[in-house]
$ cat data_18.txt   # compact mmCIF, C-alpha atoms and all ligand atoms
# COMPACT_ATOMS: atom_id res chain seq x y z
CA MET A 70 -17.22 -14.88 -14.69
CA LYS A 71 -17.12 -11.84 -12.37
CA LEU A 72 -16.69 -8.78 -14.61
CA THR A 73 -16.40 -5.12 -13.62
CA ASN A 74 -18.07 -2.81 -16.16
CA ASN A 75 -17.69 -5.64 -18.70
CA ARG A 76 -13.97 -5.94 -18.08
CA LEU A 77 -12.01 -8.70 -16.42
CA TYR A 78 -10.39 -6.35 -13.91
CA LEU A 79 -7.13 -7.79 -12.51
CA ASP A 80 -5.48 -4.59 -11.34
CA PHE A 81 -6.52 -4.32 -7.69
CA ASN A 82 -3.08 -3.07 -6.63
CA ALA A 83 -3.58 -0.03 -8.86
CA THR A 84 -7.01 0.63 -7.46
CA SER A 85 -10.11 -1.22 -6.39
CA PRO A 86 -13.67 -0.81 -7.64
CA LEU A 87 -15.99 0.44 -4.90
CA SER A 88 -17.03 -2.23 -2.42
CA PRO A 89 -20.72 -3.27 -2.58
CA ALA A 90 -21.33 -1.70 0.85
CA VAL A 91 -20.06 1.69 -0.38
CA LEU A 92 -22.02 1.45 -3.63
CA GLU A 93 -25.21 0.63 -1.78
CA TRP A 94 -24.74 3.60 0.59
CA LEU A 95 -23.94 6.01 -2.27
CA SER A 96 -26.94 4.89 -4.27
CA ARG A 97 -29.18 5.70 -1.29
CA GLY A 98 -27.82 9.28 -1.44
CA ASP A 99 -27.75 9.61 2.33
CA LEU A 100 -24.45 11.49 2.34
CA LEU A 101 -22.60 13.39 5.04
CA TYR A 102 -22.78 16.88 3.57
CA GLY A 103 -22.52 18.76 6.89
CA ASN A 104 -19.15 20.30 7.70
CA PRO A 105 -17.93 18.40 10.77
CA SER A 106 -16.74 21.69 12.27
CA SER A 107 -20.28 23.15 12.14
CA ILE A 108 -22.28 23.13 15.33
CA HIS A 109 -25.72 22.51 13.78
CA HIS A 110 -27.43 19.15 13.41
CA SER A 111 -25.91 18.28 9.99
CA GLY A 112 -22.41 19.17 11.19
CA LYS A 113 -22.89 17.11 14.33
CA ARG A 114 -24.02 14.15 12.27
CA SER A 115 -20.83 14.27 10.14
CA ARG A 116 -18.74 14.67 13.30
CA ARG A 117 -20.44 11.67 14.88
CA GLU A 118 -19.80 9.45 11.84
CA LEU A 119 -16.14 10.51 11.70
CA ALA A 120 -15.76 9.74 15.42
CA GLU A 121 -17.43 6.36 14.90
CA THR A 122 -15.11 5.59 11.97
CA THR A 123 -12.08 6.56 14.06
CA GLU A 124 -13.21 4.30 16.89
CA TYR A 125 -13.85 1.44 14.46
CA LEU A 126 -10.36 1.79 12.93
CA PHE A 127 -8.59 1.77 16.30
CA ASP A 128 -10.55 -1.31 17.26
CA LEU A 129 -9.99 -3.11 13.93
CA PHE A 130 -6.24 -2.54 13.87
CA GLY A 131 -5.79 -3.23 17.59
CA LEU A 132 -4.19 0.10 18.46
CA SER A 133 -4.98 2.29 21.44
CA GLU A 134 -5.92 5.97 21.31
CA ARG A 135 -3.73 6.44 24.37
CA GLU A 136 -0.62 5.62 22.34
CA PHE A 137 -1.63 6.65 18.80
CA GLN A 138 -3.31 9.48 16.93
CA LEU A 139 -5.21 8.84 13.72
CA PHE A 140 -5.60 11.47 11.05
CA PHE A 141 -7.25 11.41 7.65
CA HIS A 142 -5.71 12.94 4.56
CA SER A 143 -6.03 12.58 0.81
CA GLY A 144 -4.32 9.43 -0.56
CA ALA A 145 -1.23 7.79 0.89
CA THR A 146 1.02 10.12 -1.11
CA GLU A 147 -0.07 12.98 1.12
CA GLY A 148 0.06 10.91 4.32
CA ILE A 149 3.60 9.70 3.61
CA ASN A 150 4.83 13.17 2.58
CA THR A 151 3.32 14.60 5.77
CA LEU A 152 4.97 12.09 8.06
CA VAL A 153 8.42 11.92 6.48
CA LYS A 154 8.88 15.57 5.58
CA GLY A 155 7.06 16.65 8.73
CA HIS A 156 9.36 14.55 10.90
CA ALA A 157 12.40 15.89 9.03
CA GLN A 158 11.17 19.42 9.73
CA THR A 159 11.14 18.81 13.48
CA CYS A 160 14.76 17.59 13.16
CA PHE A 161 15.57 20.73 11.14
CA GLU A 162 14.12 22.83 13.95
CA GLN A 163 16.44 21.03 16.40
CA GLN A 164 19.34 21.62 13.96
CA THR A 165 20.05 17.88 13.79
CA PRO A 166 19.75 16.54 10.23
CA LEU A 167 17.61 13.43 9.82
CA ASN A 168 19.11 10.20 8.50
CA PHE A 169 16.35 8.77 6.32
CA PHE A 170 16.35 5.15 5.11
CA SER A 171 14.09 3.75 2.40
CA ALA A 172 14.36 1.21 -0.42
CA ASP A 173 14.38 1.80 -4.18
CA THR A 174 11.53 -0.72 -4.38
CA ASP A 175 9.26 1.67 -2.46
CA HIS A 176 6.47 3.64 -4.13
CA SER A 177 7.47 6.81 -6.00
CA CYS A 178 6.01 8.96 -3.24
CA LEU A 179 8.90 7.75 -1.04
CA VAL A 180 11.62 7.58 -3.67
CA ASN A 181 10.80 11.03 -5.08
CA LEU A 182 10.76 12.85 -1.76
CA ARG A 183 14.45 12.09 -1.23
CA PRO A 184 15.71 15.16 -3.19
CA THR A 185 13.54 17.45 -1.04
CA LEU A 186 15.02 15.97 2.12
CA LYS A 187 18.54 16.41 0.73
CA LEU A 188 17.77 20.01 -0.22
CA TYR A 189 17.07 20.74 3.45
CA GLY A 190 20.35 19.15 4.51
CA HIS A 191 19.11 15.72 5.59
CA GLN A 192 20.92 12.47 4.73
CA VAL A 193 19.25 9.85 2.56
CA TYR A 194 20.30 6.19 2.62
CA PRO A 195 18.85 3.79 0.03
CA ILE A 196 18.21 0.38 1.63
CA GLU A 197 19.56 -2.57 -0.34
CA VAL A 198 17.02 -5.13 -1.54
CA LYS A 199 17.79 -8.83 -2.10
CA SER A 200 16.92 -10.56 -5.38
CA SER A 201 13.94 -12.13 -3.59
CA GLY A 202 12.61 -8.65 -2.79
CA GLU A 203 13.37 -9.14 0.92
CA ILE A 204 15.52 -6.80 3.02
CA ASP A 205 18.36 -7.93 5.27
CA TRP A 206 17.56 -5.77 8.29
CA SER A 207 20.37 -7.18 10.42
CA GLU A 208 22.93 -6.03 7.83
CA LEU A 209 21.31 -2.58 7.71
CA ALA A 210 21.39 -2.32 11.50
CA LYS A 211 25.20 -2.37 11.44
CA GLY A 212 25.70 0.85 9.42
CA PRO A 213 24.65 4.48 9.99
CA LEU A 214 21.26 3.25 11.17
CA ALA A 215 22.95 2.28 14.43
CA GLU A 216 24.46 5.73 15.05
CA GLU A 217 22.46 6.95 17.98
CA SER A 218 23.86 10.49 17.88
CA SER A 219 21.48 11.52 15.08
CA PRO A 220 17.73 11.05 14.53
CA ARG A 221 16.97 8.14 12.18
CA LEU A 222 13.78 7.25 10.35
CA VAL A 223 13.18 4.09 8.33
CA SER A 224 10.22 3.87 5.98
CA ALA A 225 9.35 0.28 5.08
CA THR A 226 6.79 -0.89 2.55
CA TRP A 227 4.80 -3.68 4.16
CA VAL A 228 3.69 -5.14 0.80
CA ASN A 229 5.33 -4.16 -2.47
CA ASN A 230 2.74 -3.03 -5.00
CA GLU A 231 4.50 -4.60 -7.98
CA THR A 232 5.77 -7.94 -6.69
CA GLY A 233 3.54 -8.59 -3.68
CA VAL A 234 6.64 -9.34 -1.55
CA ALA A 235 5.88 -8.53 2.08
CA LEU A 236 8.05 -7.55 5.03
CA SER A 237 7.63 -8.82 8.56
CA LEU A 238 6.42 -6.31 11.15
CA ASP A 239 8.11 -8.48 13.80
CA GLU A 240 11.46 -7.91 12.10
CA LEU A 241 10.82 -4.17 11.99
CA VAL A 242 10.03 -4.17 15.71
CA ALA A 243 13.32 -6.02 16.32
CA LEU A 244 15.16 -3.47 14.14
CA LYS A 245 13.68 -0.62 16.14
CA GLU A 246 14.58 -2.27 19.44
CA ARG A 247 18.14 -2.89 18.26
CA THR A 248 18.88 0.53 16.75
CA GLY A 249 16.45 2.96 18.38
CA ALA A 250 15.50 4.23 14.89
CA ARG A 251 11.90 5.29 14.29
CA VAL A 252 9.91 3.23 11.78
CA HIS A 253 7.11 4.26 9.44
CA VAL A 254 5.20 1.53 7.59
CA ASP A 255 3.64 2.09 4.17
CA GLY A 256 0.72 -0.30 4.64
CA VAL A 257 -1.14 0.67 1.46
CA GLN A 258 -1.04 -2.75 -0.21
CA ALA A 259 -1.53 -4.92 2.87
CA ILE A 260 -5.24 -4.59 3.56
CA GLY A 261 -7.10 -7.82 2.77
CA LYS A 262 -4.14 -9.24 0.86
CA LEU A 263 -1.79 -10.46 3.55
CA GLU A 264 -2.31 -12.74 6.52
CA GLY A 265 -2.30 -10.69 9.71
CA TRP A 266 -3.12 -7.38 7.99
CA LYS A 267 -5.28 -6.31 10.93
CA LYS A 268 -2.53 -6.77 13.53
CA LEU A 269 -0.54 -3.54 13.61
CA ARG A 270 2.38 -3.62 16.03
CA PRO A 271 2.11 -0.74 18.52
CA GLU A 272 5.91 -0.64 18.89
CA LEU A 273 6.28 0.90 15.42
CA ASP A 274 5.86 4.64 14.95
CA ALA A 275 3.44 5.20 12.09
CA TYR A 276 1.31 3.45 9.48
CA THR A 277 -0.20 4.92 6.30
CA PHE A 278 -3.12 3.52 4.24
CA SER A 279 -5.05 4.59 1.15
CA ALA A 280 -8.80 4.05 0.90
CA HIS A 281 -9.10 3.37 -2.83
CA LYS A 282 -6.94 0.26 -2.53
CA PHE A 283 -9.59 -1.59 -0.52
CA GLY A 284 -12.91 -0.56 -2.03
CA ALA A 285 -13.46 2.84 -0.43
CA MET A 286 -13.34 6.15 -2.29
CA LYS A 287 -10.35 7.69 -4.07
CA GLY A 288 -8.38 10.65 -2.75
CA VAL A 289 -8.71 9.70 0.91
CA GLY A 290 -6.48 7.81 3.31
CA MET A 291 -5.42 7.60 6.92
CA SER A 292 -2.31 7.41 9.06
CA PHE A 293 -1.84 6.12 12.60
CA VAL A 294 1.00 7.92 14.36
CA ARG A 295 2.45 7.26 17.78
CA ARG A 296 1.88 10.21 20.07
CA ASP A 297 5.63 10.43 20.73
CA PHE A 298 6.46 10.66 16.98
CA PRO A 299 7.04 14.36 16.29
CA PHE A 300 6.06 15.77 12.90
CA ALA A 301 5.11 19.20 11.58
CA PRO A 302 1.84 19.17 9.61
CA LEU A 303 2.19 19.57 5.85
CA LEU A 304 -0.71 22.00 5.60
CA ASP A 305 -1.31 25.18 7.56
CA GLY A 306 -4.92 26.21 7.84
CA GLY A 307 -7.96 26.00 10.05
CA GLY A 308 -6.47 23.46 12.48
CA GLN A 309 -8.93 20.63 11.78
CA GLN A 310 -8.06 17.17 13.16
CA GLY A 311 -6.18 18.67 16.07
CA GLY A 312 -3.98 20.58 13.63
CA LEU A 313 -2.48 17.36 12.21
CA ARG A 314 -4.16 17.99 8.86
CA SER A 315 -5.89 21.27 8.24
CA GLY A 316 -8.72 21.48 5.72
CA THR A 317 -12.33 20.34 5.90
CA GLN A 318 -12.43 16.57 6.20
CA ASN A 319 -13.60 14.45 3.26
CA THR A 320 -16.58 13.19 5.27
CA ASP A 321 -18.04 10.85 2.64
CA GLY A 322 -14.62 9.46 1.73
CA ILE A 323 -13.78 8.79 5.38
CA TYR A 324 -17.12 7.13 6.07
CA SER A 325 -16.59 4.95 2.98
CA ILE A 326 -13.43 3.59 4.67
CA GLN A 327 -15.53 2.23 7.51
CA LEU A 328 -18.10 0.71 5.17
CA ALA A 329 -15.52 -0.90 2.87
CA LEU A 330 -13.54 -2.39 5.75
CA ARG A 331 -16.61 -3.74 7.53
CA GLY A 332 -17.66 -5.37 4.25
CA LEU A 333 -14.19 -6.82 3.68
CA VAL A 334 -13.85 -8.24 7.19
CA GLU A 335 -17.28 -9.84 6.93
CA ARG A 336 -16.65 -11.46 3.54
CA GLU A 337 -12.92 -12.21 3.35
CA ASP A 338 -11.73 -15.81 3.30
CA PRO A 339 -7.90 -15.76 3.52
CA ALA A 340 -7.58 -19.53 3.00
CA ALA A 341 -9.64 -19.36 -0.21
CA LEU A 342 -7.54 -16.45 -1.51
CA LYS A 343 -4.30 -18.30 -0.71
CA GLY A 344 -5.55 -21.43 -2.51
CA ALA A 345 -6.64 -19.44 -5.55
CA HIS A 346 -3.30 -17.63 -5.69
CA GLN A 347 -1.29 -20.84 -5.42
CA TRP A 348 -3.35 -22.52 -8.12
CA PHE A 349 -2.98 -19.58 -10.49
CA GLU A 350 0.79 -19.25 -9.98
CA ASN A 351 1.32 -22.98 -10.56
CA HIS A 352 -0.89 -22.86 -13.62
CA LEU A 353 0.98 -19.88 -15.06
CA THR A 354 4.39 -21.41 -14.33
CA GLU A 355 3.36 -24.46 -16.33
CA LEU A 356 1.80 -22.44 -19.14
CA LEU A 357 4.81 -20.15 -19.62
CA GLY A 358 7.50 -22.82 -19.23
CA ASP A 359 10.98 -21.59 -20.14
CA ALA A 360 9.54 -18.40 -21.67
CA GLY A 361 8.44 -17.12 -18.27
CA GLN A 362 9.90 -16.32 -14.87
CA MET A 363 7.86 -15.74 -11.74
CA VAL A 364 8.96 -12.79 -9.58
CA GLY A 365 8.93 -12.63 -5.78
CA THR A 366 8.03 -16.28 -5.27
CA GLN A 367 11.18 -16.92 -3.19
CA ALA A 368 10.05 -14.54 -0.44
CA PRO A 369 8.46 -16.24 2.59
CA LEU A 370 5.86 -13.50 3.13
CA ARG A 371 3.74 -12.45 0.17
CA ALA A 372 0.46 -10.80 -0.69
CA ARG A 373 -1.99 -13.48 -1.74
CA ASN A 374 -3.54 -11.43 -4.52
CA THR A 375 -0.48 -10.50 -6.60
CA VAL A 376 1.12 -12.47 -9.43
CA CYS A 377 4.19 -10.88 -11.02
CA PHE A 378 6.06 -12.51 -13.89
CA ILE A 379 8.50 -11.83 -16.70
CA LEU A 380 7.80 -12.89 -20.28
CA LYS A 381 11.28 -13.40 -21.69
CA LYS A 382 10.37 -13.19 -25.36
CA ALA A 383 8.04 -10.20 -25.26
CA ARG A 384 7.83 -6.60 -24.22
CA ALA A 385 5.30 -6.08 -21.48
CA ASP A 386 3.57 -3.15 -23.20
CA ASN A 387 2.78 -5.38 -26.21
CA VAL A 388 1.35 -8.10 -23.98
CA LEU A 389 -0.66 -5.54 -22.04
CA THR A 390 -2.19 -4.23 -25.28
CA ALA A 391 -3.15 -7.75 -26.36
CA LEU A 392 -4.75 -8.45 -22.98
CA ASP A 393 -6.48 -5.06 -23.09
CA LEU A 394 -8.01 -5.86 -26.47
CA ALA A 395 -9.24 -9.15 -25.02
CA GLY A 396 -11.05 -7.21 -22.26
CA ILE A 397 -8.53 -7.87 -19.47
CA ASP A 398 -7.05 -5.08 -17.30
CA VAL A 399 -3.55 -5.76 -15.88
CA SER A 400 -0.39 -3.70 -15.20
CA THR A 401 3.17 -3.68 -16.44
CA GLY A 402 6.17 -2.99 -14.21
CA SER A 403 7.66 -0.78 -16.87
CA ALA A 404 6.23 2.72 -17.05
CA CYS A 405 5.53 5.06 -19.92
CA SER A 406 6.78 8.61 -19.66
CA SER A 407 6.88 11.19 -22.47
CA GLY A 408 6.19 8.44 -25.01
CA ALA A 409 9.19 6.30 -23.93
CA VAL A 410 8.89 3.06 -21.99
CA ARG A 411 11.13 2.86 -18.92
CA PRO A 412 12.09 -0.43 -17.25
CA SER A 413 10.59 -1.28 -13.88
CA ARG A 414 12.57 0.43 -11.10
CA VAL A 415 11.39 -2.24 -8.67
CA LEU A 416 12.70 -5.14 -10.75
CA MET A 417 15.97 -3.35 -11.51
CA SER A 418 16.47 -2.82 -7.75
CA MET A 419 16.02 -6.57 -7.26
CA GLY A 420 18.88 -7.19 -9.69
CA HIS A 421 16.92 -8.00 -12.86
CA SER A 422 18.36 -6.94 -16.23
CA GLU A 423 16.93 -3.97 -18.11
CA GLN A 424 15.37 -6.31 -20.63
CA GLU A 425 13.66 -8.34 -17.88
CA ALA A 426 12.52 -5.12 -16.25
CA MET A 427 10.84 -4.13 -19.54
CA SER A 428 8.99 -7.43 -19.69
CA SER A 429 7.18 -7.86 -16.40
CA LEU A 430 3.45 -8.03 -15.90
CA ARG A 431 1.43 -7.84 -12.73
CA LEU A 432 -1.97 -9.38 -12.18
CA SER A 433 -3.59 -8.37 -8.91
CA PHE A 434 -6.85 -9.93 -7.73
CA SER A 435 -9.56 -8.78 -5.37
CA PRO A 436 -9.07 -10.02 -1.78
CA LEU A 437 -12.36 -11.91 -2.27
CA THR A 438 -11.12 -14.03 -5.20
CA THR A 439 -11.81 -17.77 -5.09
CA LEU A 440 -10.37 -20.85 -6.81
CA GLN A 441 -13.33 -20.96 -9.16
CA ASP A 442 -12.70 -17.32 -10.13
CA VAL A 443 -9.05 -17.86 -11.05
CA GLN A 444 -9.87 -21.03 -13.00
CA GLU A 445 -12.30 -18.95 -15.03
CA PHE A 446 -9.73 -16.14 -15.46
CA ALA A 447 -7.29 -18.69 -16.90
CA THR A 448 -9.70 -19.62 -19.67
CA VAL A 449 -9.56 -16.07 -21.08
CA ILE A 450 -5.96 -15.17 -20.19
CA ASP A 451 -4.28 -18.34 -21.45
CA PRO A 452 -5.04 -17.91 -25.18
CA VAL A 453 -3.56 -14.39 -25.11
CA LEU A 454 -0.41 -15.31 -23.18
CA LYS A 455 0.20 -18.37 -25.38
CA ARG A 456 0.87 -15.98 -28.27
CA PHE A 457 3.92 -14.64 -26.42
CA VAL A 458 5.62 -17.86 -25.23
N1 LIG B 501 2.38 3.27 -1.42
C1 LIG B 501 2.12 2.17 -2.14
C2 LIG B 501 2.80 0.88 -1.78
C3 LIG B 501 1.24 2.23 -3.22
O1 LIG B 501 1.00 1.13 -3.93
C4 LIG B 501 0.63 3.47 -3.53
C5 LIG B 501 -0.28 3.57 -4.70
O2 LIG B 501 -0.17 2.81 -5.64
C6 LIG B 501 0.91 4.59 -2.74
C7 LIG B 501 1.80 4.45 -1.70
C8 LIG B 501 0.29 5.93 -3.02
O3 LIG B 501 -1.07 5.90 -2.75
P1 LIG B 501 -2.08 7.02 -3.34
O4 LIG B 501 -2.21 6.76 -4.78
O5 LIG B 501 -3.33 6.79 -2.59
O6 LIG B 501 -1.49 8.33 -3.05
$ encode --input "data_18.txt" --output "structure tokens" --more "lines below"
Ligand code: PLP
Amino acid sequence: MKLTNNRLYLDFNATSPLSPAVLEWLSRGDLLYGNPSSIHHSGKRSRRELAETTEYLFDLFGLSEREFQLFFHSGATEGINTLVKGHAQTCFEQQTPLNFFSADTDHSCLVNLRPTLKLYGHQVYPIEVKSSGEIDWSELAKGPLAEESSPRLVSATWVNNETGVALSLDELVALKERTGARVHVDGVQAIGKLEGWKKLRPELDAYTFSAHKFGAMKGVGMSFVRRDFPFAPLLDGGGQQGGLRSGTQNTDGIYSIQLALRGLVEREDPAALKGAHQWFENHLTELLGDAGQMVGTQAPLRARNTVCFILKKARADNVLTALDLAGIDVSTGSACSSGAVRPSRVLMSMGHSEQEAMSSLRLSFSPLTTLQDVQEFATVIDPVLKRFV
């Protein structure tokens, strides 16, 4: 069985171990220590590798440098804060408050920036989520999103980190065409996990990604932004990256993005991942019977690495501890804060009861998982879960 540091690691939506290509490069020690703003040889070398990575990313995601800018930042939390707050600031400068739309199922970095927007006089509209985890965009398009007199920004999470439910970029393009609202996509969980993850639609305004979710280093990420999407940078400083993000670039982290993605593209087998996912979900449904409920399975578009389920007779933190003791790393939807366990916000937003939202578990596989892998996982997971059904 494929173990990571002697653990059965099934928490790839939380973070990914380093990809073999990145590990191999790090172990050689041939790092990019030169400051890319320096004009000597070492600086030039870093600058060259950053330029090569930028070119590779535009090519991979099918976007053109004529229409988009790419900037690197720390993780997606920073990228998303930069784009949303930065866009709101340009509206503030024009003295026209921004109408901002996002769902309660989004990551905390989107949900928790709402009070800051409100503080500066902007309007915040929570987007309603269906019990399947999908969003009815046509319904949304009828309300304040259609009011062309004020600037409007929608942030949409391409793949939900907890349930794996995915949105359609085509539908977002249609929403933009119908309403004229700008659209940012949180693409953090899409890479390698969803069919079509490499095809970014140029009609949408911005996309944010985080490197540690796909085998590159932690604390680094990137955003593509349409050149006609105005935003004020979050950080003032030395004007690196054309002023979009001041501060010396994380050269090694950025280069690791290129290495991890090249490795993923070379090795991924979407059909194998889909087959493994289907087998595991069917297996789990049978194993849990009436004591379990799968989450997100009604949605037509889904990440093929994520399995989310409720155990009706158990609290998720107890199950997690039992799995942990058996050497298996997974996540719960509920979160612990100041010693108290809070129900999953994502499940509550989908209409689940508080008790159900305290009892959900998420297993998330590597994009390179095969049928044989999941059949082996089942042999160690089943005996633990059977104690809770
Ligand atoms: N958006 C989504 C959907 C995520 O899953 C995460 C991390 O879990 C983030 C944003 C934030 O990314 P980071 O931890 O790199 O800041």
$ closest_residue --input "data_18.txt" --among "A:Phe349, A:Tyr276, A:Tyr102, A:Tyr194" --to "A:Asp173" --atoms "only C-alpha atoms"
A:Tyr194
$ residues_near_ligand --input "data_18.txt" --ligand "ligand LIG 501 (chain B)" --cutoff "8 Å" --atoms "only C-alpha atoms and all ligand atoms" --output "PyMOL selection string"
chain A and resi 82-84+143-149+175-179+226-231+255-258+278-282+287-290
$ axis_aligned_box --input "data_18.txt" --around "stretch 365-383 of chain A" --padding-each-side "5 Å" --output "AutoDock Vina command-line options"
--center_x 3.9 --center_y -13.6 --center_z -11.1 --size_x 24.8 --size_y 16.7 --size_z 38.5
$ closest_residue --input "data_18.txt" --among "A:Val458, A:Leu432, A:Leu328, A:Ala447" --to "A:Leu95" --atoms "only C-alpha atoms"
A:Leu328
$ atom_distance --input "data_18.txt" --atom1 "atom CA of A:Gly98" --atom2 "atom CA of A:Asp321"
10.7 Å
$ residues_around --input "data_18.txt" --residues "A:Ser106" --least-positions-apart "6" --cutoff "10 Å" --atoms "only C-alpha atoms" --output "tab-separated table (two decimals) with C-alpha atoms, keeping the file's coordinate frame"
chain	number	residue	atom	x	y	z
A	112	GLY	CA	-22.41	19.17	11.19
A	113	LYS	CA	-22.89	17.11	14.33
A	115	SER	CA	-20.83	14.27	10.14
A	116	ARG	CA	-18.74	14.67	13.30
A	309	GLN	CA	-8.93	20.63	11.78
A	310	GLN	CA	-8.06	17.17	13.16
A	317	THR	CA	-12.33	20.34	5.90
A	318	GLN	CA	-12.43	16.57	6.20
$ atom_distance --input "data_18.txt" --atom1 "atom CA of A:Gly212" --atom2 "atom CA of A:Ala250"
12.1 Å
$ closest_residue --input "data_18.txt" --among "A:Lys187, A:His253, A:Arg135, A:Lys199" --to "A:His421" --atoms "all atoms listed in the file"
A:Lys199
$ closest_residue --input "data_18.txt" --among "A:Gln444, A:Lys245, A:Pro105, A:Gln424" --to "A:Arg117" --atoms "all atoms listed in the file"
A:Pro105
$ residues_around --input "data_18.txt" --residues "A:Leu119" --least-positions-apart "4" --cutoff "8 Å" --atoms "only C-alpha atoms" --output "list in words"
Ser115, Thr123, Thr320, Ile323 and Tyr324 of chain A
$ write_last_selection --input "data_18.txt" --atoms "C-alpha atoms" --output "CSV table (one decimal), keeping the file's coordinate frame"
chain,number,residue,atom,x,y,z
A,115,SER,CA,-20.8,14.3,10.1
A,123,THR,CA,-12.1,6.6,14.1
A,320,THR,CA,-16.6,13.2,5.3
A,323,ILE,CA,-13.8,8.8,5.4
A,324,TYR,CA,-17.1,7.1,6.1
$ decode --input "data_18.txt" --residues "stretch 374-387 of chain A" --atoms "N, CA, C and O atoms" --output "PDB file, in the first residue's frame"
ATOM      1  N   ASN A 374     -11.641  13.008  -6.538  1.00  0.00           N
ATOM      2  CA  ASN A 374     -10.732  12.539  -5.480  1.00  0.00           C
ATOM      3  C   ASN A 374     -11.368  12.644  -4.096  1.00  0.00           C
ATOM      4  O   ASN A 374     -10.732  12.299  -3.115  1.00  0.00           O
ATOM      5  N   THR A 375     -12.608  13.190  -4.037  1.00  0.00           N
ATOM      6  CA  THR A 375     -13.184  13.551  -2.734  1.00  0.00           C
ATOM      7  C   THR A 375     -14.392  12.679  -2.406  1.00  0.00           C
ATOM      8  O   THR A 375     -15.297  12.556  -3.232  1.00  0.00           O
ATOM      9  N   VAL A 376     -14.388  12.117  -1.206  1.00  0.00           N
ATOM     10  CA  VAL A 376     -15.525  11.324  -0.740  1.00  0.00           C
ATOM     11  C   VAL A 376     -15.958  11.928   0.592  1.00  0.00           C
ATOM     12  O   VAL A 376     -15.187  11.946   1.549  1.00  0.00           O
ATOM     13  N   CYS A 377     -17.198  12.446   0.627  1.00  0.00           N
ATOM     14  CA  CYS A 377     -17.697  13.092   1.840  1.00  0.00           C
ATOM     15  C   CYS A 377     -18.939  12.320   2.294  1.00  0.00           C
ATOM     16  O   CYS A 377     -19.814  12.017   1.479  1.00  0.00           O
ATOM     17  N   PHE A 378     -18.996  11.996   3.572  1.00  0.00           N
ATOM     18  CA  PHE A 378     -20.150  11.222   4.051  1.00  0.00           C
ATOM     19  C   PHE A 378     -20.438  11.531   5.511  1.00  0.00           C
ATOM     20  O   PHE A 378     -19.572  11.990   6.260  1.00  0.00           O
ATOM     21  N   ILE A 379     -21.707  11.267   5.879  1.00  0.00           N
ATOM     22  CA  ILE A 379     -22.151  11.472   7.256  1.00  0.00           C
ATOM     23  C   ILE A 379     -22.306  10.107   7.908  1.00  0.00           C
ATOM     24  O   ILE A 379     -22.836   9.171   7.293  1.00  0.00           O
ATOM     25  N   LEU A 380     -21.818   9.991   9.136  1.00  0.00           N
ATOM     26  CA  LEU A 380     -22.051   8.764   9.916  1.00  0.00           C
ATOM     27  C   LEU A 380     -23.110   9.104  10.961  1.00  0.00           C
ATOM     28  O   LEU A 380     -22.839   9.853  11.900  1.00  0.00           O
ATOM     29  N   LYS A 381     -24.310   8.583  10.750  1.00  0.00           N
ATOM     30  CA  LYS A 381     -25.460   9.064  11.533  1.00  0.00           C
ATOM     31  C   LYS A 381     -25.369   8.747  13.022  1.00  0.00           C
ATOM     32  O   LYS A 381     -25.952   9.435  13.837  1.00  0.00           O
ATOM     33  N   LYS A 382     -24.643   7.663  13.352  1.00  0.00           N
ATOM     34  CA  LYS A 382     -24.641   7.268  14.773  1.00  0.00           C
ATOM     35  C   LYS A 382     -23.363   7.679  15.502  1.00  0.00           C
ATOM     36  O   LYS A 382     -23.107   7.203  16.602  1.00  0.00           O
ATOM     37  N   ALA A 383     -22.560   8.538  14.880  1.00  0.00           N
ATOM     38  CA  ALA A 383     -21.275   8.842  15.527  1.00  0.00           C
ATOM     39  C   ALA A 383     -20.927  10.308  15.345  1.00  0.00           C
ATOM     40  O   ALA A 383     -21.405  10.962  14.415  1.00  0.00           O
ATOM     41  N   ARG A 384     -20.084  10.798  16.238  1.00  0.00           N
ATOM     42  CA  ARG A 384     -19.556  12.143  16.036  1.00  0.00           C
ATOM     43  C   ARG A 384     -18.261  12.025  15.261  1.00  0.00           C
ATOM     44  O   ARG A 384     -17.427  11.170  15.539  1.00  0.00           O
ATOM     45  N   ALA A 385     -18.096  12.929  14.292  1.00  0.00           N
ATOM     46  CA  ALA A 385     -16.963  12.799  13.376  1.00  0.00           C
ATOM     47  C   ALA A 385     -15.625  12.848  14.100  1.00  0.00           C
ATOM     48  O   ALA A 385     -14.670  12.160  13.706  1.00  0.00           O
ATOM     49  N   ASP A 386     -15.531  13.646  15.182  1.00  0.00           N
ATOM     50  CA  ASP A 386     -14.214  13.750  15.844  1.00  0.00           C
ATOM     51  C   ASP A 386     -13.823  12.412  16.482  1.00  0.00           C
ATOM     52  O   ASP A 386     -12.638  12.062  16.523  1.00  0.00           O
ATOM     53  N   ASN A 387     -14.829  11.632  16.935  1.00  0.00           N
ATOM     54  CA  ASN A 387     -14.506  10.312  17.498  1.00  0.00           C
ATOM     55  C   ASN A 387     -14.016   9.352  16.404  1.00  0.00           C
ATOM     56  O   ASN A 387     -13.074   8.587  16.609  1.00  0.00           O
TER      57      ASN A 387
END
